[in-house]
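A short write-up of the structure that comes next.
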Amino acid sequence: MQKFIRKNGIVVSIYLLGACTIWIALMIVLPQVFMLDFSFRFNLPPAKIGGPEDVYTLSNYSHLLFGRANNPESFNWLDTSVFGKTITAAIFVTIFDVVICYPIAFYLAQVAKGGYARFMVLSLIVPFWVNEILRAFAFRIIFSSSGLINTVGMGMGIWDEPFDFIKLDIALYAGLGYAFILLMIFPIYNAVESLDKNQLEAARDLGSPWWRIHWRVVIPFAKPGIASGCTMVFMLSAGALAAPQILGGPSSLWFTQIIYQWFNTGGNWPRGSSYAIVLLVTCTIFVMLMMRLFKVRLGEIAR
Amino acid sequence: MSADVQLEHVWIKFGSFVAVQDADLTIKGGEFFSFLGPSGCGKTTLLRTISGFQEPSEGKVFIGGRDMAGIGPNLRPTALIFQNLALFPLMAVWENITFSMEVRGVNKAGRRKRAEELLELIALSDQGEKKVSELSGGQRQRVAIARALCVEPEVLLLDEPLSALDLKLRQHMRAELRAIQKRVGITFIYITHDQGEALTMSDRVAVMSAGVVEQMADSETIYDRPESAFVASFVGENNALAGKISTIEGDQALVDTPFGPIRARLSESSRGALQPNGEAFLFVRPESLSFVNGDAGSFDNKIQAHIAEEQFEGNVRHLVLKGAGDKPLTMSVINAGRGLEYHVGSEVTLGFNSDLVVALPPGPLAAE
Amino acid sequence: MTTERLTRVFVFLFIVLFFAYLFGPLLIMGVSAFNSSTFPRATPWECFTTEWFVKLGKDERLLEGLWHSIAIGFSVVCVSVPIGMAGAILLTQVNRKIRPVFYTIIISPILVPGVVLGISTLIFWDRLGTMFDASYNSIFYSGTFLTVIGQSTFISAYCMLVFIARLQRFDPALEEAALDLGATNFQTFYKILLPFMMPAVFSAAVLAFLASFENYNTTIFTIVSESTLTTVLASKVRYGIDPSISALAVIIVALTLLGAIVFEVMKRREARVAEARKREGMAPVSRADRASKIADPAHILMALVVIAGVGFVYLLAFFDSAACKTHVLEEKRILQERQVIPETQYQGIFGRGAIEGLEPGAEPAPGGTGEGAPAGEGEPGGYKGIFDPNVLKDQSGTGEEGSEAPQPLPDEEGSNFNKGIFDPNVLKQQSGTGED
């Protein structure tokens with residue numbers, strides 16, 4: 001410690017240590033700790049906080065599973081199914097994005113030439129400077145009953161009545177898939193770009209079909225990029241709020257929307273915190289799973 | 001104003017690794033002193049300790065008689081010229097030079113004036129406004145020196161400053177550095193792995209190997225009278241012969257070698273260390289070998305060999321000779337323009353006197 | 001040979017489709033900004049109009065949110081940039097064993113879902129507030145403060161990454177040289193390190209501002225009773241859609257494009273200057289150089305954008321779409337009179353098209369209800385009887401999507417029953433401001 005102060009001088013030392021302490025303690029760690037603690041408490045009005053009723057409880061978590069009655073008999077199908085659906089949907093969106101982004105990233109990194117490649121990169125970035133809400137809104141317009149897709153579809157005679165894409169969640173999935181394309185493309189692109197073109201040439205010379213080249217040469221090399229992209233897309237999909245709010249049909253409720261309700265109209269902050277903790281834990285598990293599966297370290301995932 | 005630097009039993013350790021082992025010496029004020037040794041021998045660490053970036057694990061450093069313990073590099077009367085020069089890329093040349101005045105709060109006019117003086121000293125008067133990146137290697141070298149001199153240090157420390165320059169420039173800079181030092185009169189402590197540099201520029205040289213100061217003396221002594229096998233093999237070219245001591249008479253020894261018995265001089269350090277029947281290394285310089293024509297010439301030692309190779313290097317000819325021993329000998333013959341009487345394949349007799357061959361205790365040799 | 005051509009075609013198609021997916025929605029939205037129909041759509045096209053842009057300018061809530069977003073953005077920059085720099089510098093100085101742990105902790109906010117960050121920030125300061133018995137006006141409950149803190153938690157990490165990249169190119173010998181020349185530690189930091197970091201400071205600041213400006217997930221929790229542009233937008237989109245939102249999108253896209261082009265031009269100019277300096281003293285700029293300057297695609301694009309912008313402003317000032325609208329209204333009425341009410345849909349006593357369009361000169365018929373669309377357009381399975389609250393309300397978006405059909409869950413935002421007959425907005429101009 002003394003060495004540190006001597007190296008940096010007293011002013012700079014105070015700045016460095018102070019700023020980082022504030023950041024880590026006050027902004028990163030403590031809020032999470034408080035939220036965790038809060039999730040184990042009852043939902044008391046301010047007057048009763050600190051009083052005799054303010055004890056720890058698991059009731060918020062059990063509510064997720066067992067519902068209001070706290071009765072192990074009645075399963076809280078609603079909340080739990082929403083949770084399950086959110087996670088499943090996030091996984092699907094992730095897979096969807098990998099499938100469509102990997103070819104593009106590969107093309108960009110290895111096939112496209114110079115100026116053309118730069119143009120493509122630029123044109124990939126531009127849509128994402130538009131706010132996510134506006135992007136979801138754009139999808140809303142397209143998929144609406146008088147939107148482009150329905151007009152075209154009906155005009156071409158494919159269907160007679162306007163298809164309610166929104167109710168079937170297609171709009172939501174399309175919107176979510178769209179939202180995070182950039183986050184999937186760039187890690188993969190970065191990873192593939194550093195691949196030596198000669199390796200591909202060599203594989204082709206040795207008579208390997210294109211799909212095997214990808215499977216054996218490119219994909220293992222791009223693993224960190226794919227892992228990074230999948231992690232980001234999954235977490236952002238599972239934690240998405242704007243898109244489900246705007247594009248979600250009546251039957252699709254997103255887990256984050258339930259959390260939001262507990263804070264907004266439901267007025268039960270502790271319960272909302274417990275659901276948020278569940279979401280957080282799920283995401284953490286996913287990240288660790290990704291790291292284990294693809295054998296990458298945390299530092300490689302964060303852009 | 002120049003100061004002397006005294007290292008009093010300085011040890012520098014990093015964990016269990018000993019970088020410098022019991023360095024105990026005094027560098028006189030106003031002298032050009034060099035630390036010479038291969039990479040990793042600890043000379044850079046020692047330099048950084050003197051300049052204040054490294055505290056010794058044991059021992060003390062005195063500059064001008066003052067104990068430097070706990071005094072940081074910005075408060076020591078030293079200035080360091082880094083190996084990569086470390087010139088500030090975002091500042092102009094004149095700003096680089098007068099940076100030390102800027103941090104002391106001297107006003108711009110005063111700084112400019114001093115900058116002009118120093119630029120003249122290093123012969124770069126019209127380059128003051130340029131950015132450092134626009135100068136050549138040699139020019140940047142000089143800017144670094146000017147920047148260091150602006151501090152008016154009592155001791156100037158130079159960390160292999162010429163290693164990045166090409167040969168001709170290096171030779172030119174050697175002379176310049178020596179001239180500057182004589183003009184300014186302050187203590188120069190110079191570290192290098194190039195013994196040509198060390199020998200030509202320095203008043204005294206300390207040869208280091210693996211953290212130990214093997215020998216400290218002026219150039220001639222280091223060259224002619226090495227005190228250890230490492231110094232003998234590192235400084236200049238030297239032929240090494242391993243042998244067993246038969247007898248010791250005063251300051252001479254008779255050593256049994258594959259070439260036969262050889263009479264050699266004992267060095268200062270050998271006098272106590274070498275005993276009869278003990279192992280010894282003999283060293284004889286390539287230029288000390290002479291051809292023996294017939295029986296002519298009274299050399300103390302004569303050995304037989306045949307010429308295996310000949311390398312013409314302009315002013316000298318190097319001959320590689322193979323004889324009874326397993327290692328070849330090298331011999332240097334000045335090219336007086338007359339050509340060589342013997343050629344590759346000839347059997348020759350080489351002769352040399354006992355004062356030109358030294359017997360030393362066995363020890364690690366400098367790596368090839 | 002043909003398989004290769006086939007793959008080429010396939011690849012080409014894939015790319016085309018991909019970019020259609022990428023840009024299609026934006027194009028549609030852009031087009032809808034100029035379409036005079038109250039529900040944003042590209043087709044069918046009614047009239048060209050710039051009224052939505054005008055309306056945008058008059059929307060007070062939006063402007064208030066915009067102002068807040070900018071203020072918060074600047075504050076976030078002021079907080080995250082120093083913190084990020086401190087993190088980056090500290091990271092380089094910590095013990096090698098602690099470093100990975102330290103790094104993981106600092107990076108974690110990026111990987112944590114935004115909603116969790118928002119919630120934890122909200123709760124933490126709320127609890128602190130109760131601990132200190134603070135009043136509701138204090139900083140503990142200030143939406144601005146909470147949002148700045150919440151966003152800075154992860155934006156500082158972004159800044160830190162920028163600084164780390166820059167720091168890696170820093171030669172530590174420069175600091176040592178400064179010290180050796182007599183500088184104090186502070187002077188070394190201030191005169192050597194900081195100037196070196198300046199370019200990174202600039203990028204980090206821009207990054208921080210943009211990230212803060214467009215953030216929603218965290219902000220929606222921390223903003224409490226205030227608003228930012230994104231929260232206003234979100235509520236507008238959910239409760240009352242009209243093309244002024246598309247207009248906003250067009251403006252944003254135009255601004256970003258402009259920004260990108262300017263940035264690109266500046267970069268090229270820098271590169272050109274650097275090259276020119278290298279060739280200092282050589283022959284004057286050749287004809288090829290001059291030609292390339294004019295033909296430079298970036299310059300062309302910029303010129304195009306400027307022309308488009310000027311033309312647009314011109315249209316804004318002079319174009320009047322009233323005539324076109326009345327014409328469209330007329331057409332609709334004619335169509336309605338001819339339209340046969342389909343038996344499959346019980347259109348209600350008053351019929352769908354009956355209520356709107358009664359006031360001449362009013363906004364054109366909301367939604368696609370009276371557009372003469374073939375039978376069956378509208379809510380699938382929708383019983384649009386007289387008692388359906390949606391008949392009377394603004395039908396510019398939420399109504400016809402059917403997403404507001406009676407919910408089994410009491411947890412949809414702003415329960416539907418508020419949107420009934422007693423909704424004051426029904427009597428208001430039907431231009432898309434919801435009840436919020």
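Quick note on naming: the chains in the structure tokens go A, B, ... in the order shown, residues restart at 1 in each chain, and ligands are numbered from 1 in order of appearance.
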For stretch 72-76 of chain C: contacts at 6 Å, only C-alpha atoms, fewer than 2 positions along chain excluded, given as a list in words:
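Counting only C-alpha atoms, the residues come to His68, Ser69, Ile70, Cys78, Val79, Ser80, Val148, Ser152, Phe209, Ser212 and Phe213 of chain C.
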Find the residues near B:Ala359: any atom within 7 Å, counting only C-alpha atoms, skip ones fewer than 6 places away on the same chain, and give them as a list in words.
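Within the cut-off, the hits are Ala264, Arg265, Leu266, Ser267, Ala280, Phe281, Leu282 and Phe283 of chain B.
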Could you write those residues out with N, CA and C atoms, as a PDB file, in the first residue's frame?
ATOM      1  N   ALA B 264      52.955 -19.932 -17.124  1.00  0.00           N
ATOM      2  CA  ALA B 264      52.027 -18.813 -17.180  1.00  0.00           C
ATOM      3  C   ALA B 264      52.195 -17.900 -15.984  1.00  0.00           C
ATOM      4  N   ARG B 265      51.689 -16.692 -16.148  1.00  0.00           N
ATOM      5  CA  ARG B 265      51.729 -15.707 -15.065  1.00  0.00           C
ATOM      6  C   ARG B 265      50.535 -15.969 -14.164  1.00  0.00           C
ATOM      7  N   LEU B 266      50.740 -15.725 -12.874  1.00  0.00           N
ATOM      8  CA  LEU B 266      49.599 -15.817 -11.962  1.00  0.00           C
ATOM      9  C   LEU B 266      48.986 -14.440 -11.785  1.00  0.00           C
ATOM     10  N   SER B 267      47.623 -14.384 -11.811  1.00  0.00           N
ATOM     11  CA  SER B 267      47.002 -13.073 -11.602  1.00  0.00           C
ATOM     12  C   SER B 267      46.972 -12.765 -10.111  1.00  0.00           C
ATOM     13  N   ALA B 280      43.269 -25.302 -13.451  1.00  0.00           N
ATOM     14  CA  ALA B 280      43.397 -23.886 -13.778  1.00  0.00           C
ATOM     15  C   ALA B 280      42.994 -23.665 -15.214  1.00  0.00           C
ATOM     16  N   PHE B 281      42.582 -22.427 -15.520  1.00  0.00           N
ATOM     17  CA  PHE B 281      42.330 -22.037 -16.903  1.00  0.00           C
ATOM     18  C   PHE B 281      43.443 -21.112 -17.322  1.00  0.00           C
ATOM     19  N   LEU B 282      43.984 -21.347 -18.528  1.00  0.00           N
ATOM     20  CA  LEU B 282      44.997 -20.453 -19.061  1.00  0.00           C
ATOM     21  C   LEU B 282      44.370 -19.630 -20.178  1.00  0.00           C
ATOM     22  N   PHE B 283      44.730 -18.358 -20.212  1.00  0.00           N
ATOM     23  CA  PHE B 283      44.197 -17.493 -21.264  1.00  0.00           C
ATOM     24  C   PHE B 283      45.329 -16.796 -21.974  1.00  0.00           C
TER      25      PHE B 283
END
Using only C-alpha atoms for the distances, tell me which of C:Val224, C:Leu161, C:Ile105, C:Met197 is nearest to C:Tyr141.
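Of the candidates, the smallest distance to C:Tyr141 is held by C:Val224.
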For a quick check of understanding, using only C-alpha atoms, which of B:Ser34, B:Asn239, B:Ser57, B:Ser133 has the smallest distance to chain C?
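Closest to chain C, using only C-alpha atoms: B:Ser133.
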Residue neighbourhood B:Tyr342, 10 Å, only C-alpha atoms, exclusion window fewer than 4 positions, as a PyMOL selection string
chain B and resi 291+306-307+346-348
Using the selection just defined, write its residues with N, CA and C atoms as a compact mmCIF listing (two decimals), in the first residue's frame.
# COMPACT_ATOMS: atom_id res chain seq x y z
N PHE B 291 54.44 -16.58 -34.73
CA PHE B 291 54.99 -17.75 -35.40
C PHE B 291 56.44 -17.92 -35.01
N HIS B 306 48.20 -26.82 -36.59
CA HIS B 306 48.12 -26.56 -38.02
C HIS B 306 46.96 -25.62 -38.30
N ILE B 307 47.16 -24.84 -39.37
CA ILE B 307 46.16 -23.80 -39.67
C ILE B 307 44.95 -24.43 -40.33
N SER B 346 49.16 -25.56 -43.32
CA SER B 346 50.56 -25.62 -42.88
C SER B 346 50.64 -26.02 -41.41
N GLU B 347 51.66 -26.77 -41.08
CA GLU B 347 51.98 -27.05 -39.69
C GLU B 347 52.87 -25.93 -39.20
N VAL B 348 52.49 -25.35 -38.07
CA VAL B 348 53.28 -24.24 -37.57
C VAL B 348 53.61 -24.45 -36.10
For chain B, list the residues within 10 Å of chain C, counting only C-alpha atoms, and write the list as a PyMOL selection string.
chain B and resi 51-53+72-91+96+98-104+134+147-153
Determine, for each residue of chain A having at least one atom at most 12 Å from an atom of chain B, the closest pair of atoms and their separation in Å to one decimal, counting only C-alpha atoms; order by chain and ascending number, as JSON lines.
{"residue": "A:Gln2", "atom": "CA", "partner": "B:Gly70", "partner_atom": "CA", "distance": 11.8}
{"residue": "A:Lys3", "atom": "CA", "partner": "B:Glu55", "partner_atom": "CA", "distance": 10.9}
{"residue": "A:Arg6", "atom": "CA", "partner": "B:Gly72", "partner_atom": "CA", "distance": 8.5}
{"residue": "A:Lys7", "atom": "CA", "partner": "B:Gly72", "partner_atom": "CA", "distance": 9.3}
{"residue": "A:Asn8", "atom": "CA", "partner": "B:Gly72", "partner_atom": "CA", "distance": 11.8}
{"residue": "A:Gly9", "atom": "CA", "partner": "B:Gly72", "partner_atom": "CA", "distance": 11.3}
Generate the output file for the selected residues, N, CA and C atoms, as a compact mmCIF listing (two decimals), in the first residue's frame.
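Final output, saved to selection.txt:
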# COMPACT_ATOMS: atom_id res chain seq x y z
N GLN A 2 1.89 1.21 0.84
CA GLN A 2 2.80 2.36 0.88
C GLN A 2 3.44 2.58 -0.47
N LYS A 3 3.83 1.48 -1.07
CA LYS A 3 4.45 1.58 -2.39
C LYS A 3 3.49 2.25 -3.35
N ARG A 6 3.35 5.90 -2.77
CA ARG A 6 4.59 6.53 -3.22
C ARG A 6 4.64 6.59 -4.74
N LYS A 7 4.11 5.59 -5.38
CA LYS A 7 4.19 5.56 -6.82
C LYS A 7 3.30 6.63 -7.44
N ASN A 8 2.16 6.85 -6.84
CA ASN A 8 1.19 7.72 -7.48
C ASN A 8 1.06 9.10 -6.86
N GLY A 9 1.66 9.29 -5.73
CA GLY A 9 1.43 10.59 -5.10
C GLY A 9 0.09 10.56 -4.38
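For the residues B:Thr247, B:Gln195, B:Ser202, B:Gln139, ranking by smallest atom-to-atom distance to B:Ala232 using only C-alpha atoms places B:Gln195 first.
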Selected residue, from C:Asp242, C:Glu214, C:Glu226, C:Glu331, that lies nearest to chain A when counting only C-alpha atoms
C:Glu214
Extract, using only C-alpha atoms, all DNA, RNA and protein residues at most 6 Å from stretch 309-319 of chain B, discarding same-chain residues fewer than 5 positions from it, and format them as an NGL selection string.
:B and (330-335 or 344)
Pull the strand (DSSP E or B) assignments for stretch 117-360 of chain B out of DSSP run on the backbone, and list those residues as an NGL selection string.
:B and (131 or 155-159 or 187-192 or 204-209 or 212-217 or 239-249 or 252-257 or 260-266 or 279-284 or 290-291 or 301-312 or 316-323 or 329-334 or 347-352 or 357-360)
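Here atom CA of B:Gly185 is placed at a distance of 25.9 Å from atom CA of B:Gln127.
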If you count only C-alpha atoms, which residues fall within 7 Å of B:Val255, apart from same-chain ones fewer than 6 positions away, as number ranges by chain?
B: 243-246, 261-263
If we count only C-alpha atoms and set the cut-off at 9 Å, which residues sit around A:Ser274, ignoring sequence neighbours fewer than 4 positions away in its own chain? Please answer as a list in words.
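Skipping anything fewer than 4 positions along the chain leaves Met35, Leu36, Phe38, Ser39, Phe40, Asn60, Tyr61, Leu64, Ile259, Trp269, Pro270, Val278 and Leu279 of chain A.
The closest residue to A:Pro244, picked from C:Glu264, C:Ile251, C:Arg238, C:Thr50 and counting only C-alpha atoms, is C:Arg238.
Atom CA of B:Gln181 to atom CA of B:Phe234 spans 26.3 Å [interatomic distance, one decimal].
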Need to verify the contact set: A:Ala105, 7 Å, only C-alpha atoms, exclusion of same-chain residues closer than 6 positions in sequence. Can you return it as number ranges by chain?
A: 185, 188-189
